[in-house]
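Q: My structure file data-v7.json, JSON, C-alpha atoms, is below:
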[["chain", "number", "residue", "atom", "x", "y", "z"],
["A", 1, "MET", "CA", -27.06, 8.69, -6.84],
["A", 2, "ARG", "CA", -24.89, 10.71, -9.17],
["A", 3, "ARG", "CA", -21.16, 10.02, -9.06],
["A", 4, "ARG", "CA", -20.37, 13.53, -7.82],
["A", 5, "ASP", "CA", -22.90, 13.28, -5.00],
["A", 6, "PHE", "CA", -21.59, 9.84, -4.05],
["A", 7, "ILE", "CA", -18.00, 11.06, -3.79],
["A", 8, "GLN", "CA", -19.01, 14.13, -1.81],
["A", 9, "ALA", "CA", -21.00, 11.99, 0.61],
["A", 10, "ALA", "CA", -18.04, 9.65, 1.05],
["A", 11, "LEU", "CA", -15.68, 12.55, 1.76],
["A", 12, "VAL", "CA", -18.04, 14.06, 4.31],
["A", 13, "SER", "CA", -18.44, 10.68, 5.97],
["A", 14, "ALA", "CA", -14.66, 10.24, 6.16],
["A", 15, "SER", "CA", -14.16, 13.70, 7.65],
["A", 16, "LEU", "CA", -16.66, 13.02, 10.42],
["A", 17, "TRP", "CA", -15.22, 9.67, 11.41],
["A", 18, "PRO", "CA", -12.93, 10.70, 14.28],
["A", 19, "PHE", "CA", -15.95, 12.21, 16.00],
["A", 20, "SER", "CA", -18.64, 9.66, 15.18],
["A", 21, "VAL", "CA", -16.47, 6.72, 16.15],
["A", 22, "ARG", "CA", -15.60, 8.15, 19.55],
["A", 23, "ALA", "CA", -19.24, 8.89, 20.20],
["A", 24, "GLN", "CA", -20.63, 5.50, 19.23],
["A", 25, "GLN", "CA", -17.93, 2.82, 19.36],
["A", 26, "ASN", "CA", -18.79, 2.00, 22.96],
["A", 27, "THR", "CA", -22.18, 0.71, 21.85],
["A", 28, "MET", "CA", -21.62, -0.53, 18.28],
["A", 29, "PRO", "CA", -18.83, -2.61, 16.73],
["A", 30, "VAL", "CA", -16.81, -0.74, 14.12],
["A", 31, "ILE", "CA", -15.84, -2.43, 10.86],
["A", 32, "GLY", "CA", -12.83, -0.98, 9.10],
["A", 33, "PHE", "CA", -13.17, -0.99, 5.29],
["A", 34, "LEU", "CA", -9.78, -0.63, 3.59],
["A", 35, "SER", "CA", -9.78, -0.42, -0.21],
["A", 36, "SER", "CA", -7.07, 0.11, -2.77],
["A", 37, "ARG", "CA", -9.78, 1.32, -5.14],
["A", 38, "SER", "CA", -11.81, 4.56, -5.34],
["A", 39, "PRO", "CA", -15.25, 5.30, -3.86],
["A", 40, "GLY", "CA", -16.71, 6.68, -7.08],
["A", 41, "GLU", "CA", -16.32, 3.41, -9.01],
["A", 42, "SER", "CA", -16.98, 1.10, -6.05],
["A", 43, "ALA", "CA", -20.65, 1.83, -5.43],
["A", 44, "GLY", "CA", -21.76, -1.59, -6.67],
["A", 45, "VAL", "CA", -19.37, -3.61, -4.57],
["A", 46, "VAL", "CA", -20.00, -1.45, -1.49],
["A", 47, "ALA", "CA", -23.71, -2.16, -1.90],
["A", 48, "ALA", "CA", -22.89, -5.88, -2.07],
["A", 49, "PHE", "CA", -20.76, -5.53, 1.06],
["A", 50, "ARG", "CA", -23.67, -3.94, 2.92],
["A", 51, "GLN", "CA", -25.99, -6.66, 1.63],
["A", 52, "GLY", "CA", -23.71, -9.35, 3.03],
["A", 53, "LEU", "CA", -23.53, -7.60, 6.39],
["A", 54, "GLY", "CA", -27.32, -7.48, 6.42],
["A", 55, "GLU", "CA", -27.54, -11.20, 5.71],
["A", 56, "ALA", "CA", -25.25, -11.75, 8.68],
["A", 57, "GLY", "CA", -27.52, -9.63, 10.89],
["A", 58, "PHE", "CA", -25.69, -6.29, 10.84],
["A", 59, "VAL", "CA", -27.04, -3.01, 9.45],
["A", 60, "GLU", "CA", -24.77, 0.01, 9.18],
["A", 61, "GLY", "CA", -25.89, 2.72, 11.57],
["A", 62, "GLN", "CA", -28.23, 0.42, 13.51],
["A", 63, "ASN", "CA", -26.04, -2.19, 15.15],
["A", 64, "ALA", "CA", -22.66, -1.64, 13.42],
["A", 65, "LEU", "CA", -20.53, 1.20, 12.08],
["A", 66, "VAL", "CA", -18.26, 1.20, 9.03],
["A", 67, "ALA", "CA", -15.11, 3.31, 8.68],
["A", 68, "PHE", "CA", -14.09, 3.64, 5.02],
["A", 69, "ARG", "CA", -10.55, 4.35, 3.82],
["A", 70, "TRP", "CA", -9.70, 4.60, 0.11],
["A", 71, "ALA", "CA", -6.25, 4.48, -1.50],
["A", 72, "GLU", "CA", -7.60, 5.75, -4.86],
["A", 73, "GLY", "CA", -5.35, 3.34, -6.79],
["A", 74, "HIS", "CA", -2.21, 4.50, -4.94],
["A", 75, "TYR", "CA", -1.08, 1.32, -3.22],
["A", 76, "ASP", "CA", 1.67, 3.13, -1.32],
["A", 77, "ARG", "CA", -1.04, 4.87, 0.74],
["A", 78, "LEU", "CA", -2.43, 1.61, 2.12],
["A", 79, "PRO", "CA", -0.08, 1.12, 5.12],
["A", 80, "ALA", "CA", -0.96, 4.53, 6.58],
["A", 81, "LEU", "CA", -4.67, 4.01, 5.95],
["A", 82, "ALA", "CA", -4.52, 0.59, 7.60],
["A", 83, "ALA", "CA", -2.79, 2.13, 10.62],
["A", 84, "GLU", "CA", -5.55, 4.76, 10.86],
["A", 85, "LEU", "CA", -8.21, 2.06, 11.00],
["A", 86, "VAL", "CA", -6.32, 0.03, 13.58],
["A", 87, "ALA", "CA", -6.07, 3.16, 15.74],
["A", 88, "LEU", "CA", -9.88, 3.38, 15.72],
["A", 89, "ARG", "CA", -10.02, 0.11, 17.68],
["A", 90, "ILE", "CA", -12.12, -1.57, 15.04],
["A", 91, "ALA", "CA", -13.65, -4.99, 15.67],
["A", 92, "VAL", "CA", -12.82, -6.40, 12.22],
["A", 93, "LEU", "CA", -10.83, -5.13, 9.24],
["A", 94, "PHE", "CA", -12.46, -5.80, 5.85],
["A", 95, "THR", "CA", -10.05, -5.38, 2.94],
["A", 96, "ALA", "CA", -11.18, -4.64, -0.62],
["A", 97, "GLY", "CA", -9.20, -4.37, -3.82],
["A", 98, "GLY", "CA", -7.05, -7.48, -3.87],
["A", 99, "PRO", "CA", -3.77, -8.45, -2.19],
["A", 100, "PRO", "CA", -2.34, -4.92, -1.76],
["A", 101, "SER", "CA", -4.93, -3.93, 0.84],
["A", 102, "ALA", "CA", -4.95, -7.38, 2.44],
["A", 103, "PHE", "CA", -1.19, -7.38, 2.95],
["A", 104, "ALA", "CA", -1.25, -3.80, 4.27],
["A", 105, "ALA", "CA", -3.86, -4.86, 6.81],
["A", 106, "LYS", "CA", -1.90, -7.95, 7.78],
["A", 107, "ALA", "CA", 1.21, -5.85, 8.35],
["A", 108, "ALA", "CA", -0.76, -3.39, 10.49],
["A", 109, "THR", "CA", -2.20, -5.89, 12.97],
["A", 110, "GLN", "CA", -1.68, -9.46, 14.09],
["A", 111, "THR", "CA", -4.64, -9.43, 16.46],
["A", 112, "ILE", "CA", -7.61, -7.70, 14.82],
["A", 113, "PRO", "CA", -9.52, -10.14, 12.58],
["A", 114, "ILE", "CA", -9.04, -9.47, 8.86],
["A", 115, "VAL", "CA", -11.44, -10.55, 6.11],
["A", 116, "PHE", "CA", -10.35, -9.99, 2.51],
["A", 117, "SER", "CA", -12.90, -9.75, -0.28],
["A", 118, "ALA", "CA", -10.73, -10.75, -3.23],
["A", 119, "ALA", "CA", -7.23, -12.18, -3.45],
["A", 120, "ILE", "CA", -5.49, -14.23, -6.09],
["A", 121, "ASP", "CA", -4.53, -17.65, -4.70],
["A", 122, "PRO", "CA", -4.04, -16.35, -1.12],
["A", 123, "ASP", "CA", -2.18, -19.47, 0.00],
["A", 124, "ARG", "CA", 0.22, -19.28, -2.95],
["A", 125, "ILE", "CA", 1.13, -15.64, -2.29],
["A", 126, "GLY", "CA", 1.51, -16.14, 1.48],
["A", 127, "LEU", "CA", -1.58, -14.33, 2.71],
["A", 128, "VAL", "CA", -2.84, -17.43, 4.55],
["A", 129, "ALA", "CA", -1.25, -20.73, 5.55],
["A", 130, "SER", "CA", -3.75, -22.76, 3.54],
["A", 131, "LEU", "CA", -7.24, -22.41, 2.12],
["A", 132, "ASN", "CA", -8.82, -24.92, 4.51],
["A", 133, "ARG", "CA", -6.87, -23.78, 7.56],
["A", 134, "PRO", "CA", -5.98, -20.10, 7.12],
["A", 135, "GLY", "CA", -4.40, -19.77, 10.56],
["A", 136, "GLY", "CA", -3.64, -16.47, 12.24],
["A", 137, "ASN", "CA", -6.09, -13.59, 11.99],
["A", 138, "VAL", "CA", -6.81, -13.59, 8.22],
["A", 139, "THR", "CA", -9.42, -15.26, 6.01],
["A", 140, "GLY", "CA", -11.77, -14.26, 3.21],
["A", 141, "MET", "CA", -12.56, -14.82, -0.46],
["A", 142, "SER", "CA", -10.23, -16.07, -3.18],
["A", 143, "LEU", "CA", -11.56, -14.39, -6.30],
["A", 144, "PHE", "CA", -8.87, -14.71, -8.94],
["A", 145, "PRO", "CA", -7.30, -18.17, -9.31],
["A", 146, "ALA", "CA", -4.11, -17.86, -11.30],
["A", 147, "GLU", "CA", -5.55, -20.26, -13.87],
["A", 148, "LEU", "CA", -7.75, -17.41, -15.11],
["A", 149, "ALA", "CA", -4.63, -15.82, -16.60],
["A", 150, "ALA", "CA", -4.19, -18.92, -18.74],
["A", 151, "LYS", "CA", -7.89, -18.93, -19.62],
["A", 152, "SER", "CA", -7.76, -15.38, -20.95],
["A", 153, "VAL", "CA", -4.87, -16.26, -23.27],
["A", 154, "GLN", "CA", -6.77, -19.34, -24.47],
["A", 155, "LEU", "CA", -9.83, -17.21, -25.20],
["A", 156, "LEU", "CA", -7.74, -14.74, -27.19],
["A", 157, "LYS", "CA", -6.35, -17.57, -29.30],
["A", 158, "ARG", "CA", -9.83, -18.98, -29.95],
["A", 159, "LEU", "CA", -11.04, -15.52, -30.86],
["A", 160, "LEU", "CA", -7.99, -14.73, -33.00],
["A", 161, "PRO", "CA", -6.77, -18.06, -34.42],
["A", 162, "ALA", "CA", -4.13, -16.40, -36.62],
["A", 163, "ALA", "CA", -2.55, -14.58, -33.67],
["A", 164, "THR", "CA", 1.10, -15.31, -32.94],
["A", 165, "VAL", "CA", 1.63, -12.68, -30.22],
["A", 166, "VAL", "CA", -0.82, -11.45, -27.59],
["A", 167, "GLY", "CA", -0.36, -8.87, -24.87],
["A", 168, "TYR", "CA", -0.90, -9.35, -21.16],
["A", 169, "LEU", "CA", -1.32, -6.29, -18.96],
["A", 170, "ILE", "CA", 0.03, -6.34, -15.40],
["A", 171, "ASN", "CA", 0.46, -3.75, -12.66],
["A", 172, "PRO", "CA", 4.02, -3.85, -11.28],
["A", 173, "SER", "CA", 2.80, -1.97, -8.20],
["A", 174, "ASN", "CA", 0.99, -5.19, -7.24],
["A", 175, "PRO", "CA", 4.04, -7.39, -6.54],
["A", 176, "GLN", "CA", 2.05, -10.31, -5.16],
["A", 177, "SER", "CA", -0.27, -10.84, -8.13],
["A", 178, "ALA", "CA", 1.64, -9.50, -11.15],
["A", 179, "PRO", "CA", 4.34, -12.21, -11.32],
["A", 180, "VAL", "CA", 1.75, -14.96, -10.88],
["A", 181, "TYR", "CA", -0.40, -13.62, -13.70],
["A", 182, "ALA", "CA", 2.57, -13.18, -16.03],
["A", 183, "SER", "CA", 3.90, -16.67, -15.33],
["A", 184, "GLU", "CA", 0.56, -18.40, -15.88],
["A", 185, "ALA", "CA", -0.13, -16.43, -19.06],
["A", 186, "SER", "CA", 3.30, -17.23, -20.51],
["A", 187, "THR", "CA", 2.96, -20.94, -19.73],
["A", 188, "ALA", "CA", -0.45, -21.07, -21.44],
["A", 189, "ALA", "CA", 0.88, -19.23, -24.47],
["A", 190, "LYS", "CA", 3.74, -21.68, -24.94],
["A", 191, "THR", "CA", 1.25, -24.56, -24.89],
["A", 192, "LEU", "CA", -0.71, -22.83, -27.65],
["A", 193, "GLY", "CA", 2.39, -22.10, -29.69],
["A", 194, "ILE", "CA", 2.15, -18.33, -29.36],
["A", 195, "ALA", "CA", 4.09, -15.64, -27.50],
["A", 196, "VAL", "CA", 2.98, -13.31, -24.73],
["A", 197, "ARG", "CA", 4.26, -9.77, -24.44],
["A", 198, "VAL", "CA", 3.92, -8.63, -20.82],
["A", 199, "LEU", "CA", 2.96, -4.95, -20.60],
["A", 200, "ASN", "CA", 3.32, -2.84, -17.45],
["A", 201, "ALA", "CA", 0.98, -0.09, -16.26],
["A", 202, "SER", "CA", 0.51, 1.36, -12.81],
["A", 203, "THR", "CA", -0.69, 4.89, -13.67],
["A", 204, "GLU", "CA", -3.15, 6.48, -16.07],
["A", 205, "ARG", "CA", -0.25, 7.74, -18.16],
["A", 206, "ASP", "CA", 1.16, 4.21, -18.33],
["A", 207, "LEU", "CA", -2.16, 2.96, -19.67],
["A", 208, "ASP", "CA", -2.22, 5.62, -22.36],
["A", 209, "GLU", "CA", 1.34, 4.77, -23.42],
["A", 210, "VAL", "CA", 0.76, 1.01, -23.44],
["A", 211, "PHE", "CA", -2.28, 1.22, -25.70],
["A", 212, "ALA", "CA", -0.60, 3.75, -27.98],
["A", 213, "SER", "CA", 2.28, 1.30, -28.45],
["A", 214, "LEU", "CA", 0.11, -1.69, -29.39],
["A", 215, "PRO", "CA", -0.46, -0.94, -33.10],
["A", 216, "ASN", "CA", 3.29, -1.14, -33.75],
["A", 217, "ALA", "CA", 4.02, -3.95, -31.31],
["A", 218, "GLY", "CA", 2.72, -6.83, -33.37],
["A", 219, "VAL", "CA", 0.17, -7.70, -30.68],
["A", 220, "SER", "CA", -3.09, -9.14, -32.02],
["A", 221, "GLY", "CA", -5.09, -8.96, -28.79],
["A", 222, "LEU", "CA", -4.79, -8.04, -25.13],
["A", 223, "ALA", "CA", -5.67, -9.75, -21.85],
["A", 224, "VAL", "CA", -6.52, -7.48, -18.90],
["A", 225, "PRO", "CA", -6.78, -9.34, -15.58],
["A", 226, "ALA", "CA", -9.04, -8.42, -12.69],
["A", 227, "GLU", "CA", -6.67, -6.09, -10.86],
["A", 228, "PRO", "CA", -7.80, -3.29, -8.49],
["A", 229, "PHE", "CA", -6.11, -0.39, -10.28],
["A", 230, "PHE", "CA", -7.24, -1.61, -13.68],
["A", 231, "ASP", "CA", -10.77, -2.05, -12.38],
["A", 232, "SER", "CA", -10.77, 1.52, -11.10],
["A", 233, "GLN", "CA", -9.77, 2.57, -14.63],
["A", 234, "ARG", "CA", -12.07, 0.25, -16.55],
["A", 235, "ASP", "CA", -13.89, 3.03, -18.45],
["A", 236, "ARG", "CA", -10.55, 4.45, -19.55],
["A", 237, "ILE", "CA", -9.23, 1.02, -20.54],
["A", 238, "VAL", "CA", -12.37, 0.17, -22.53],
["A", 239, "ALA", "CA", -12.17, 3.54, -24.30],
["A", 240, "LEU", "CA", -8.49, 3.02, -25.14],
["A", 241, "ALA", "CA", -9.18, -0.46, -26.50],
["A", 242, "ALA", "CA", -11.87, 1.03, -28.74],
["A", 243, "ARG", "CA", -9.67, 3.92, -29.87],
["A", 244, "TYR", "CA", -6.83, 1.62, -30.92],
["A", 245, "ALA", "CA", -9.14, -1.19, -32.13],
["A", 246, "VAL", "CA", -7.62, -3.76, -29.76],
["A", 247, "PRO", "CA", -9.60, -6.97, -29.12],
["A", 248, "ALA", "CA", -9.37, -7.52, -25.37],
["A", 249, "VAL", "CA", -10.42, -10.18, -22.89],
["A", 250, "TYR", "CA", -11.06, -8.97, -19.33],
["A", 251, "GLY", "CA", -11.33, -10.61, -15.93],
["A", 252, "LEU", "CA", -14.62, -9.03, -14.84],
["A", 253, "ARG", "CA", -18.03, -8.74, -16.50],
["A", 254, "GLU", "CA", -18.13, -5.02, -15.68],
["A", 255, "TYR", "CA", -15.83, -4.43, -18.67],
["A", 256, "PRO", "CA", -18.08, -5.80, -21.43],
["A", 257, "MET", "CA", -21.01, -4.18, -19.64],
["A", 258, "ALA", "CA", -19.10, -0.90, -20.11],
["A", 259, "GLY", "CA", -18.39, -1.61, -23.78],
["A", 260, "GLY", "CA", -15.45, -4.02, -23.61],
["A", 261, "LEU", "CA", -15.33, -7.05, -25.88],
["A", 262, "MET", "CA", -15.30, -10.10, -23.65],
["A", 263, "SER", "CA", -14.77, -11.24, -20.06],
["A", 264, "TYR", "CA", -14.33, -14.46, -18.16],
["A", 265, "GLY", "CA", -14.41, -14.53, -14.38],
["A", 266, "ALA", "CA", -16.41, -14.65, -11.19],
["A", 267, "SER", "CA", -18.87, -12.06, -9.90],
["A", 268, "LEU", "CA", -16.99, -9.42, -7.94],
["A", 269, "PRO", "CA", -20.09, -8.11, -6.10],
["A", 270, "ASP", "CA", -20.98, -11.65, -5.02],
["A", 271, "CYS", "CA", -17.49, -12.09, -3.59],
["A", 272, "TYR", "CA", -17.85, -8.89, -1.57],
["A", 273, "ARG", "CA", -21.23, -10.08, -0.33],
["A", 274, "ARG", "CA", -19.92, -13.45, 0.77],
["A", 275, "ALA", "CA", -16.84, -11.94, 2.40],
["A", 276, "ALA", "CA", -19.07, -9.48, 4.30],
["A", 277, "ILE", "CA", -21.06, -12.44, 5.65],
["A", 278, "TYR", "CA", -17.76, -13.77, 7.00],
["A", 279, "ALA", "CA", -17.11, -10.37, 8.60],
["A", 280, "GLY", "CA", -20.49, -10.65, 10.30],
["A", 281, "ARG", "CA", -19.65, -14.11, 11.58],
["A", 282, "VAL", "CA", -16.41, -12.76, 12.99],
["A", 283, "LEU", "CA", -18.33, -9.99, 14.75],
["A", 284, "LYS", "CA", -20.42, -12.73, 16.36],
["A", 285, "GLY", "CA", -17.32, -14.37, 17.77],
["A", 286, "GLU", "CA", -15.95, -16.79, 15.18],
["A", 287, "LYS", "CA", -12.19, -16.85, 14.55],
["A", 288, "PRO", "CA", -10.68, -16.24, 11.10],
["A", 289, "ALA", "CA", -8.31, -19.16, 11.65],
["A", 290, "ASN", "CA", -11.34, -21.48, 11.73],
["A", 291, "LEU", "CA", -13.07, -20.06, 8.64],
["A", 292, "PRO", "CA", -11.78, -21.67, 5.41],
["A", 293, "VAL", "CA", -11.02, -19.33, 2.55],
["A", 294, "MET", "CA", -13.99, -19.32, 0.18],
["A", 295, "GLU", "CA", -13.77, -19.71, -3.59],
["A", 296, "PRO", "CA", -16.21, -18.82, -6.37],
["A", 297, "THR", "CA", -18.48, -21.61, -7.51],
["A", 298, "LYS", "CA", -19.22, -20.16, -10.96],
["A", 299, "TYR", "CA", -17.35, -18.32, -13.67],
["A", 300, "ASP", "CA", -19.16, -16.45, -16.44],
["A", 301, "LEU", "CA", -18.22, -15.82, -20.05],
["A", 302, "VAL", "CA", -19.69, -12.51, -21.24],
["A", 303, "ILE", "CA", -19.48, -11.32, -24.86],
["A", 304, "ASN", "CA", -20.40, -7.88, -26.19],
["A", 305, "MET", "CA", -21.54, -8.43, -29.78],
["A", 306, "LYS", "CA", -21.86, -4.71, -30.49],
["A", 307, "THR", "CA", -18.18, -4.25, -29.67],
["A", 308, "ALA", "CA", -17.23, -7.30, -31.72],
["A", 309, "LYS", "CA", -19.02, -5.79, -34.71],
["A", 310, "SER", "CA", -17.26, -2.45, -34.27],
["A", 311, "LEU", "CA", -13.92, -4.30, -34.30],
["A", 312, "GLY", "CA", -14.90, -6.29, -37.38],
["A", 313, "LEU", "CA", -14.68, -9.58, -35.49],
["A", 314, "THR", "CA", -16.74, -12.70, -35.98],
["A", 315, "ILE", "CA", -17.20, -14.49, -32.67],
["A", 316, "PRO", "CA", -16.79, -18.28, -33.13],
["A", 317, "GLU", "CA", -20.04, -20.19, -32.73],
["A", 318, "GLN", "CA", -18.37, -22.41, -30.14],
["A", 319, "LEU", "CA", -17.81, -19.41, -27.89],
["A", 320, "LEU", "CA", -21.32, -18.05, -28.38],
["A", 321, "ALA", "CA", -22.74, -21.47, -27.52],
["A", 322, "VAL", "CA", -21.05, -21.53, -24.10],
["A", 323, "ALA", "CA", -21.41, -17.82, -23.27],
["A", 324, "ASP", "CA", -23.41, -17.06, -20.12],
["A", 325, "ASP", "CA", -24.36, -13.57, -21.31],
["A", 326, "VAL", "CA", -24.35, -12.12, -24.82],
["A", 327, "ILE", "CA", -24.79, -8.36, -25.03],
["A", 328, "GLU", "CA", -26.42, -7.42, -28.35]]
Would you encode the structure as structure tokens?
A:
Amino acid sequence: MRRRDFIQAALVSASLWPFSVRAQQNTMPVIGFLSSRSPGESAGVVAAFRQGLGEAGFVEGQNALVAFRWAEGHYDRLPALAAELVALRIAVLFTAGGPPSAFAAKAATQTIPIVFSAAIDPDRIGLVASLNRPGGNVTGMSLFPAELAAKSVQLLKRLLPAATVVGYLINPSNPQSAPVYASEASTAAKTLGIAVRVLNASTERDLDEVFASLPNAGVSGLAVPAEPFFDSQRDRIVALAARYAVPAVYGLREYPMAGGLMSYGASLPDCYRRAAIYAGRVLKGEKPANLPVMEPTKYDLVINMKTAKSLGLTIPEQLLAVADDVIE
């Protein structure tokens, strides 16, 4: 499906929701889908979400309904969108796009079960009481351990051994994750004997300005974590990195697949799939408090050799030897 057709279909679906829900919610459970991201760039993860529901025994339109709400990268819209979904008397609230949507959902209801698809160290940021015993009405998938921030800095140093300063991009509009990422990255950099320059971006204009500043900032490379707004702007970020010839390490494989240099992280679609299975289990009567927060079992290193060549970089043989996917 073309992007334009996908977005139009999503908008039509959203406009019909007040009517379709009233007509069918007496016979089918309604799953609220709250995302801080955008529908146009979320087709892959939405497909994984539907796959997970299917594995749990639920097919949209047959024995379950899904009400989608999208913040389009504007995190301040999430509380109102969460309230809209709660008003629909949904059976479970599935949150996508990291801690911002999960916390908005948690603030909107203390009774409706909430399943998050991706959250950095949810116990550390206060989303759940603990990973093994979440407590309350919230559980889900921990996608981004804070240690990945340190790993990205380590990869930059291995890739650029002469580097003395690297950049780390954070979104200040994500107050739960940003400080954690910055702290872990700075700690790792000190261990390696280099410095980290933390760079802030929460809008498209911010991204443009950050990348334009890099050539004169003494930054040898850039780490871009898996963050919902950044992910929604991954094509723009990859293009900016190419324009300013910035070697960058990303948190999701979708970046090197789109032309970025390198990534290290878990599979985002698989996390959506597994979280959707949890949502299905909740629909069958299980309690979030009794479902331990899941964690990825595998992290992949992906290297785009074509991009490395365009940047004039030689990838160390040690990295190539351990890479899970090398794009020629």
Q: Looking at A:Gly218, A:Gly73, A:Pro316, A:Pro113, which one is nearest to Lys157 of chain A, with distances taken over all atoms listed in the file?
A: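 Distance minimum relative to Lys157 of chain A lands on A:Pro316.
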Q: (-11.4, 0.3, 13.1) in this file's frame - what residues fall within 6 Å of it? Use only C-alpha atoms and give the answer as a list of chain:residue names.
A: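 Counting only C-alpha atoms, I find these residues within 6 Å of (-11.4, 0.3, 13.1): A:Val30, A:Ile31, A:Gly32, A:Leu85, A:Val86, A:Leu88, A:Arg89, A:Ile90.
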Q: Any chance you can output those residues with C-alpha atoms as a short mmCIF file (atom, residue, chain, number, x, y, z; two decimals), in the coordinates of the input?
A:
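Heads up, here's the output in part23.cif:
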data_model
loop_
_atom_site.label_atom_id
_atom_site.label_comp_id
_atom_site.auth_asym_id
_atom_site.auth_seq_id
_atom_site.Cartn_x
_atom_site.Cartn_y
_atom_site.Cartn_z
CA VAL A 30 -16.81 -0.74 14.12
CA ILE A 31 -15.84 -2.43 10.86
CA GLY A 32 -12.83 -0.98 9.10
CA LEU A 85 -8.21 2.06 11.00
CA VAL A 86 -6.32 0.03 13.58
CA LEU A 88 -9.88 3.38 15.72
CA ARG A 89 -10.02 0.11 17.68
CA ILE A 90 -12.12 -1.57 15.04
#
Q: Could you check the closest approach to Leu252 of chain A for each of A:Ser152, A:Gln51, A:Ser220, A:Thr314 and tell me which residue wins, using all atoms listed in the file?
A: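 Checking each candidate against Leu252 of chain A, we get A:Ser152 as the closest.
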Q: Which residues, written as an MDAnalysis selection string, have at least one atom at most 12 Å from Gly312 of chain A, with all atoms listed in the file counted and residues fewer than 4 positions away on the same chain left out?
A: chainID A and resid 159:160 242 245:247 261 305:308
Q: Of the candidates A:Arg37, A:Lys309, A:Lys287, A:Arg274, which one gets nearest to Gly54 of chain A if we count only C-alpha atoms?
A: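 Using only C-alpha atoms, the shortest distance to Gly54 of chain A belongs to A:Arg274.
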Q: For each of A:Phe33, A:Tyr278, A:Tyr299, A:Phe211, take the minimum atom-to-atom distance to Met141 of chain A, counting only C-alpha atoms, then give the residue where this is smallest.
A: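 Of all the options, A:Tyr278 lies closest to Met141 of chain A.
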Q: Compare A:Val293, A:Val92, A:Val165, A:Val198 by their minimum atom-to-atom distance to Ser142 of chain A, counting only C-alpha atoms, and give me the closest one.
A: A:Val293
Q: Of the candidates A:Ala178, A:Ala279, A:Leu131, A:Ala226, which shows the shortest atom-to-atom distance to Met294 of chain A, using all atoms listed in the file?
A: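 Of the candidates, the smallest distance to Met294 of chain A is held by A:Leu131.
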Q: Residues at most 10 Å from Ala212 of chain A, counting only C-alpha atoms, excluding those fewer than 6 positions away in the same chain, as a list in words?
A: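 Listing them by chain and then by number gives Asp206, Leu240, Ala241, Arg243 and Tyr244 of chain A.
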Q: So which residues touch Glu209 of chain A within 12 Å, counting only C-alpha atoms, skipping near sequence neighbours fewer than 5 positions away, as a list in words?
A: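 The filter keeps Leu199, Asn200, Ala201, Ser202, Thr203, Glu204, Leu214, Pro215, Ile237, Leu240 and Tyr244 of chain A.
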Q: Hey, can you spit out that residue selection with C-alpha atoms as a PDB file, in the frame of the given file?
A:
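Writing the result to selection33.pdb gives the following:
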ATOM      1  CA  LEU A 199       2.960  -4.950 -20.600  1.00  0.00           C
ATOM      2  CA  ASN A 200       3.320  -2.840 -17.450  1.00  0.00           C
ATOM      3  CA  ALA A 201       0.980  -0.090 -16.260  1.00  0.00           C
ATOM      4  CA  SER A 202       0.510   1.360 -12.810  1.00  0.00           C
ATOM      5  CA  THR A 203      -0.690   4.890 -13.670  1.00  0.00           C
ATOM      6  CA  GLU A 204      -3.150   6.480 -16.070  1.00  0.00           C
ATOM      7  CA  LEU A 214       0.110  -1.690 -29.390  1.00  0.00           C
ATOM      8  CA  PRO A 215      -0.460  -0.940 -33.100  1.00  0.00           C
ATOM      9  CA  ILE A 237      -9.230   1.020 -20.540  1.00  0.00           C
ATOM     10  CA  LEU A 240      -8.490   3.020 -25.140  1.00  0.00           C
ATOM     11  CA  TYR A 244      -6.830   1.620 -30.920  1.00  0.00           C
TER      12      TYR A 244
END
Q: Rounded to one decimal, what separation in Å do you get between atom CA of Ile303 of chain A and atom CA of Pro228 of chain A?
A: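 One can read the atom CA of Ile303 of chain A to atom CA of Pro228 of chain A distance as 21.7 Å.
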Q: So the first atom is atom CA of Tyr168 of chain A and the second is atom CA of Ser117 of chain A; what is the distance between them in Å, to one decimal place?
A: 24.1 Å
Q: In Å, with one decimal, what is the gap from atom CA of Trp70 of chain A to atom CA of Lys298 of chain A?
A: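 Between atom CA of Trp70 of chain A and atom CA of Lys298 of chain A the gap is 28.7 Å.
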